[in-house]
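Colleague: After the structure tokens below, expect a handful of questions from me.
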Amino acid sequence: MSVLQTALQIAHAVRTGAQSASGTVQQALARIDAENPAINALTQVFHAEALARAERIDAQVALGQDPGPLAGVPVAIKDNICTTLGMTTCASRMLAEYRSPFDATAVEKLLAAGAVIIAKANLDEFAMGSSTENSIHGPTRNPHDHTRVPGGSSGGSAAAVAAGLVPVALGSDTGGSIRQPASHCGVVGLKPTYGRVSRYGLVAYASSLDQIGPLTRTVADAGLVASVIAGHDRRDSTCAPTTADDITATLSTLDNVPKGLVVGVPRQAQGQGNSPGVVQALARTAEAFVTAGARVVEIDLPHAGAAIAAYYLIATAEASSNLARFDGIRYGHRATLAPGEGLGALYCKSRSEGFSPEVQRRIMLGTYALSSGYYDAYYGTALKVRRLIKQDYDQAFANGAHVVVMPAAPGPAFEIGSKAADPLAMYLEDIYTVGVNLAGLPAISVPVATETIRGKALPIGMQLIAPPLGEGVLLRAAALLERTGA
Amino acid sequence: MPDQPPPAPALTAADIRHIARLACLSPTDAQIADYQTNLAAVLGYVGHLRTLDLAGVAPLATPLPTTGPMDPDEPGQMLPPATLLKMAPATDGPFIAVPKVLGESEGGGGA
């Protein structure tokens, strides 16, 4: 069964009448039905609804109307992004039956551009994880090796694209949750600048870090989807008052090598914890940029080593506040009370039954960091470190780097269960990605190499990072890397 | 409070229960034992932030260069009450049903 075309190819063919949206969706559904059971990337598939929408798009084309730049493109949505179609479970018992009464802004924009929402994608519960093992729907398996994780928390989205079930999936990235699974699954994952894409309808994990972005097979598709979902939204007060015009303009110049491109390679990215394949991929990526005419310089991010600690204090502190809304009253799981138990017991029992141990652990850590007597020492300290980390990037860009390159993860995908019992080991999986979220920068993971372990070629992605709102240069540098390889 | 985190704390079961009460969670004894190990390990790890010189550094709560733009204060659309009630786990006619609030015992968190 053939893998679907890219989003650009599908949209072009549907808009010109060379191919029907219905046929495209039927092909995607057939592939999902055949391949998804083995990897569990998609948790809800909308057969009838997707076909009905595809038929409406075909009818538009027949009438001479343009359905939009994503005409007929099947898209999977990470299940922490609200859709009126199906349920929005966040892979949690807490929201196992939750039906959103509205679509997220990003989903609205996809629909307005002619996309077809075909499925919801698996994730770590409430996006808290790096492996997509922690889900009420069961773990997602890496399409390249079913004994390994796809990364997380957008592991379902990444695996679905990698397996060719959909050409596009939306994910969310709080500390690397788009880029790390993209790296592990061998697809492209773009985390836009904080504020580029509305968070309205994204179930909040850590509001100052969360950002929605696309996972695709090509850089051009990532840029195309970003150009559709970006832009100001009054319903998200942190959404930047900008348009997506610059991203759209970049799409026609992706093949142009940015003139005088300066690529910064942080000393701190050449860590001893990197796998041999990642060490080699980073060196070859730098060589590829040099060969393409870029200038590669070593840079210093002196506080990079503190990023994980600062991130896990800030993210869990924000999570403890955001997840306080899940109390069994207005929506979500409600526990059954024993005679004589009251409202307080309802809160505690509903939350303890509804949240998994990992989510509870993060709420506990965040509550501790915010509690009286520890706020300044933990949360306040982390916020100061956050400023230093952002200043490091600001300095690197001020010194002339147009993009920074570093691994998206210290190694290829790890085996299912191998880090489940050690939260700290799992957190360290995000060592190269969390700094970007703390600084609010755009970044993209591009597959550049493989590392063979026990006979399986496992993908390795390289991460490119740009200044705020620098998606243009980011996409062009990523396209260059995609063309040349590492 | 000092600016630097204290040494990696030895979390007692009572400490864990206190945090859990703040977080509205009811951990089992097994979870409490797990938290004593794993939370302490994480807190020990994040404690290395104390080695940084943070004198004069202002905290950064958001990467945005400015505060959010202000929009005109105009009435927006609300969800219909029937839609809101449909989401609630328990209802009583046109109301969301909740357990008794007044007169709860200690630990119930009521009035």
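Chain lettering (A, B, ...) mirrors the order of the structure tokens, residue numbering begins at 1 for each chain separately, and ligand numbering begins at 1 in order of display.
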Within 7 Å of chain B, which residues of chain A are there when counting only C-alpha atoms? Please give them as a PyMOL selection string.

Modeller: chain A and resi 208+237-238+306+309+329-334+341-345+347-349+351-352+363-365+367-368+373+376-378+380+383-384+386-387+424+438-440

Colleague: Go ahead and write the residues just picked, C-alpha atoms, as a PDB file, in the first residue's frame.

Modeller:
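The result, written out as part_26.pdb:
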```
ATOM      1  CA  SER A 208       4.423  30.226  29.068  1.00  0.00           C
ATOM      2  CA  SER A 237      -3.653  37.147  24.742  1.00  0.00           C
ATOM      3  CA  THR A 238      -0.124  35.736  24.349  1.00  0.00           C
ATOM      4  CA  ALA A 306      20.879  24.476  33.809  1.00  0.00           C
ATOM      5  CA  ALA A 309      16.405  22.005  36.074  1.00  0.00           C
ATOM      6  CA  ILE A 329     -17.154  19.479  38.961  1.00  0.00           C
ATOM      7  CA  ARG A 330     -17.515  21.141  35.557  1.00  0.00           C
ATOM      8  CA  TYR A 331     -16.099  18.439  33.313  1.00  0.00           C
ATOM      9  CA  GLY A 332     -13.912  15.385  33.488  1.00  0.00           C
ATOM     10  CA  HIS A 333     -13.847  12.377  35.751  1.00  0.00           C
ATOM     11  CA  ARG A 334     -15.902  12.515  38.945  1.00  0.00           C
ATOM     12  CA  GLU A 341     -17.846  12.614  52.160  1.00  0.00           C
ATOM     13  CA  GLY A 342     -18.146  16.171  50.838  1.00  0.00           C
ATOM     14  CA  LEU A 343     -16.809  18.548  48.240  1.00  0.00           C
ATOM     15  CA  GLY A 344     -13.163  18.442  49.333  1.00  0.00           C
ATOM     16  CA  ALA A 345     -13.148  14.663  49.150  1.00  0.00           C
ATOM     17  CA  TYR A 347     -11.803  17.081  44.501  1.00  0.00           C
ATOM     18  CA  CYS A 348      -9.089  14.854  45.932  1.00  0.00           C
ATOM     19  CA  LYS A 349     -10.615  11.508  44.926  1.00  0.00           C
ATOM     20  CA  ARG A 351      -8.036  14.021  40.784  1.00  0.00           C
ATOM     21  CA  SER A 352      -6.282  11.016  42.290  1.00  0.00           C
ATOM     22  CA  ILE A 363       1.678  18.357  40.016  1.00  0.00           C
ATOM     23  CA  MET A 364       3.345  17.471  43.323  1.00  0.00           C
ATOM     24  CA  LEU A 365       6.716  18.841  42.169  1.00  0.00           C
ATOM     25  CA  THR A 367       3.079  22.471  44.076  1.00  0.00           C
ATOM     26  CA  TYR A 368       6.227  22.016  46.161  1.00  0.00           C
ATOM     27  CA  GLY A 373       8.887  28.780  52.058  1.00  0.00           C
ATOM     28  CA  ASP A 376      11.777  31.952  45.956  1.00  0.00           C
ATOM     29  CA  ALA A 377      14.263  29.145  46.373  1.00  0.00           C
ATOM     30  CA  TYR A 378      12.883  26.993  43.582  1.00  0.00           C
ATOM     31  CA  GLY A 380      11.938  32.186  41.659  1.00  0.00           C
ATOM     32  CA  LEU A 383      12.809  32.180  36.513  1.00  0.00           C
ATOM     33  CA  LYS A 384      16.146  33.938  36.954  1.00  0.00           C
ATOM     34  CA  ARG A 386      15.385  31.325  32.448  1.00  0.00           C
ATOM     35  CA  ARG A 387      16.485  34.893  31.786  1.00  0.00           C
ATOM     36  CA  LEU A 424      14.909  11.914  36.047  1.00  0.00           C
ATOM     37  CA  LEU A 438      12.326  28.760  27.956  1.00  0.00           C
ATOM     38  CA  ALA A 439      13.577  31.375  25.472  1.00  0.00           C
ATOM     39  CA  GLY A 440      10.442  31.230  23.272  1.00  0.00           C
TER      40      GLY A 440
END
```

Colleague: Enumerate, as a PyMOL selection string, the complete set of residues in chain B that a backbone-based DSSP assignment places in helix (DSSP H, G or I).

Modeller: chain B and resi 13-22+29-51+81-87

Colleague: Can I get the selection written as a short mmCIF file (atom, residue, chain, number, x, y, z; two decimals), in the first residue's frame, with N, CA and C atoms?

Modeller:
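File produced: result_39.cif:
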```cif
data_model
loop_
_atom_site.label_atom_id
_atom_site.label_comp_id
_atom_site.auth_asym_id
_atom_site.auth_seq_id
_atom_site.Cartn_x
_atom_site.Cartn_y
_atom_site.Cartn_z
N ALA B 13 7.18 11.35 55.03
CA ALA B 13 5.81 11.03 54.61
C ALA B 13 4.88 12.19 54.95
N ALA B 14 5.14 12.85 56.07
CA ALA B 14 4.30 14.00 56.47
C ALA B 14 4.48 15.15 55.47
N ASP B 15 5.71 15.36 55.00
CA ASP B 15 5.94 16.40 53.98
C ASP B 15 5.12 16.10 52.73
N ILE B 16 5.17 14.84 52.30
CA ILE B 16 4.46 14.44 51.08
C ILE B 16 2.96 14.65 51.26
N ARG B 17 2.45 14.26 52.42
CA ARG B 17 1.00 14.43 52.65
C ARG B 17 0.63 15.90 52.66
N HIS B 18 1.51 16.75 53.17
CA HIS B 18 1.24 18.20 53.18
C HIS B 18 1.17 18.74 51.75
N ILE B 19 2.13 18.35 50.93
CA ILE B 19 2.13 18.81 49.53
C ILE B 19 0.88 18.27 48.82
N ALA B 20 0.57 17.01 49.08
CA ALA B 20 -0.60 16.40 48.43
C ALA B 20 -1.87 17.13 48.81
N ARG B 21 -1.96 17.55 50.06
CA ARG B 21 -3.18 18.28 50.48
C ARG B 21 -3.27 19.60 49.73
N LEU B 22 -2.12 20.27 49.55
CA LEU B 22 -2.11 21.52 48.79
C LEU B 22 -2.53 21.29 47.33
N ASP B 29 -0.18 4.88 50.18
CA ASP B 29 1.08 4.71 50.89
C ASP B 29 2.22 4.37 49.92
N ALA B 30 1.90 3.58 48.90
CA ALA B 30 2.93 3.22 47.91
C ALA B 30 3.38 4.46 47.14
N GLN B 31 2.41 5.31 46.79
CA GLN B 31 2.78 6.54 46.08
C GLN B 31 3.62 7.45 46.96
N ILE B 32 3.27 7.51 48.23
CA ILE B 32 4.05 8.36 49.15
C ILE B 32 5.50 7.88 49.19
N ALA B 33 5.68 6.58 49.27
CA ALA B 33 7.05 6.03 49.28
C ALA B 33 7.77 6.35 47.96
N ASP B 34 7.03 6.26 46.85
CA ASP B 34 7.62 6.59 45.54
C ASP B 34 8.03 8.06 45.49
N TYR B 35 7.16 8.94 45.97
CA TYR B 35 7.48 10.37 45.96
C TYR B 35 8.71 10.66 46.83
N GLN B 36 8.80 9.96 47.96
CA GLN B 36 9.95 10.21 48.85
C GLN B 36 11.26 9.93 48.12
N THR B 37 11.23 8.95 47.22
CA THR B 37 12.44 8.62 46.46
C THR B 37 12.59 9.52 45.24
N ASN B 38 11.55 9.51 44.38
CA ASN B 38 11.69 10.17 43.08
C ASN B 38 11.62 11.69 43.16
N LEU B 39 10.73 12.22 43.99
CA LEU B 39 10.68 13.68 44.12
C LEU B 39 11.96 14.21 44.73
N ALA B 40 12.47 13.49 45.70
CA ALA B 40 13.73 13.92 46.33
C ALA B 40 14.86 13.91 45.31
N ALA B 41 14.86 12.89 44.43
CA ALA B 41 15.92 12.82 43.40
C ALA B 41 15.82 14.01 42.46
N VAL B 42 14.61 14.34 42.05
CA VAL B 42 14.44 15.48 41.14
C VAL B 42 14.81 16.78 41.84
N LEU B 43 14.37 16.92 43.09
CA LEU B 43 14.71 18.14 43.82
C LEU B 43 16.21 18.25 44.05
N GLY B 44 16.85 17.12 44.25
CA GLY B 44 18.30 17.13 44.38
C GLY B 44 18.96 17.60 43.09
N TYR B 45 18.43 17.12 41.96
CA TYR B 45 19.00 17.51 40.67
C TYR B 45 18.82 19.00 40.42
N VAL B 46 17.60 19.50 40.63
CA VAL B 46 17.36 20.92 40.34
C VAL B 46 18.11 21.81 41.32
N GLY B 47 18.54 21.26 42.43
CA GLY B 47 19.28 22.04 43.41
C GLY B 47 20.60 22.56 42.88
N HIS B 48 21.08 21.99 41.75
CA HIS B 48 22.37 22.48 41.23
C HIS B 48 22.26 23.89 40.67
N LEU B 49 21.05 24.40 40.57
CA LEU B 49 20.90 25.80 40.17
C LEU B 49 21.57 26.73 41.18
N ARG B 50 21.77 26.23 42.38
CA ARG B 50 22.36 27.06 43.43
C ARG B 50 23.81 27.45 43.11
N THR B 51 24.42 26.72 42.19
CA THR B 51 25.81 27.02 41.87
C THR B 51 25.95 28.24 40.95
N PRO B 81 -26.00 27.50 27.87
CA PRO B 81 -26.03 26.74 29.14
C PRO B 81 -26.21 25.24 28.92
N ALA B 82 -27.00 24.86 27.93
CA ALA B 82 -27.22 23.43 27.71
C ALA B 82 -25.92 22.73 27.32
N THR B 83 -25.06 23.43 26.57
CA THR B 83 -23.77 22.85 26.18
C THR B 83 -22.87 22.67 27.40
N LEU B 84 -22.87 23.69 28.26
CA LEU B 84 -22.06 23.60 29.48
C LEU B 84 -22.54 22.46 30.38
N LEU B 85 -23.85 22.36 30.51
CA LEU B 85 -24.40 21.31 31.37
C LEU B 85 -24.08 19.92 30.81
N LYS B 86 -24.04 19.83 29.49
CA LYS B 86 -23.74 18.54 28.86
C LYS B 86 -22.34 18.06 29.22
N MET B 87 -21.42 19.01 29.47
CA MET B 87 -20.04 18.62 29.80
C MET B 87 -19.91 18.18 31.26
#
```

Colleague: Please report the interatomic distance between atom CA of A:Thr250 and atom CA of A:Glu471 in Å with one decimal.

Modeller: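 Computed distance, atom CA of A:Thr250 to atom CA of A:Glu471, equals 8.6 Å.
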
Colleague: Any idea what the distance is between atom CA of A:Pro192 and atom CA of A:Arg31?

Modeller: 29.4 Å

Colleague: Can you tell me, as an NGL selection string, which residues in chain B count as strand (DSSP E or B) by DSSP?

Modeller: :B and (91-92 or 95-96)

Colleague: Name the residues in contact with A:Val116 at a cut-off of 12 Å, using only C-alpha atoms, excluding same-chain residues fewer than 4 positions from it; report them as an MDAnalysis selection string.

Modeller: chainID A and resid 7 10:11 21:22 24:26 28:29 45:58 67:77 85 107:112 120 166:169

Colleague: Hey, what's within 8 Å of stretch 393-396 of chain A if we count only C-alpha atoms and toss same-chain stuff fewer than 2 positions away? As a PyMOL selection string, please?

Modeller: chain A and resi 264+299-301+389-391+398-401+439+467

Colleague: Any idea what's packed within 8 Å of A:Ile314, counting only C-alpha atoms, ignoring anything in its chain fewer than 5 positions away? Could you give it as a ChimeraX atom specification?

Modeller: /A:206,366,379,382-383

Colleague: Using atom CA of A:Ala369 and atom CA of A:Leu209 as the two end points, give the distance in Å to one decimal.

Modeller: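 Computing it gives 17.2 Å between the two atoms.
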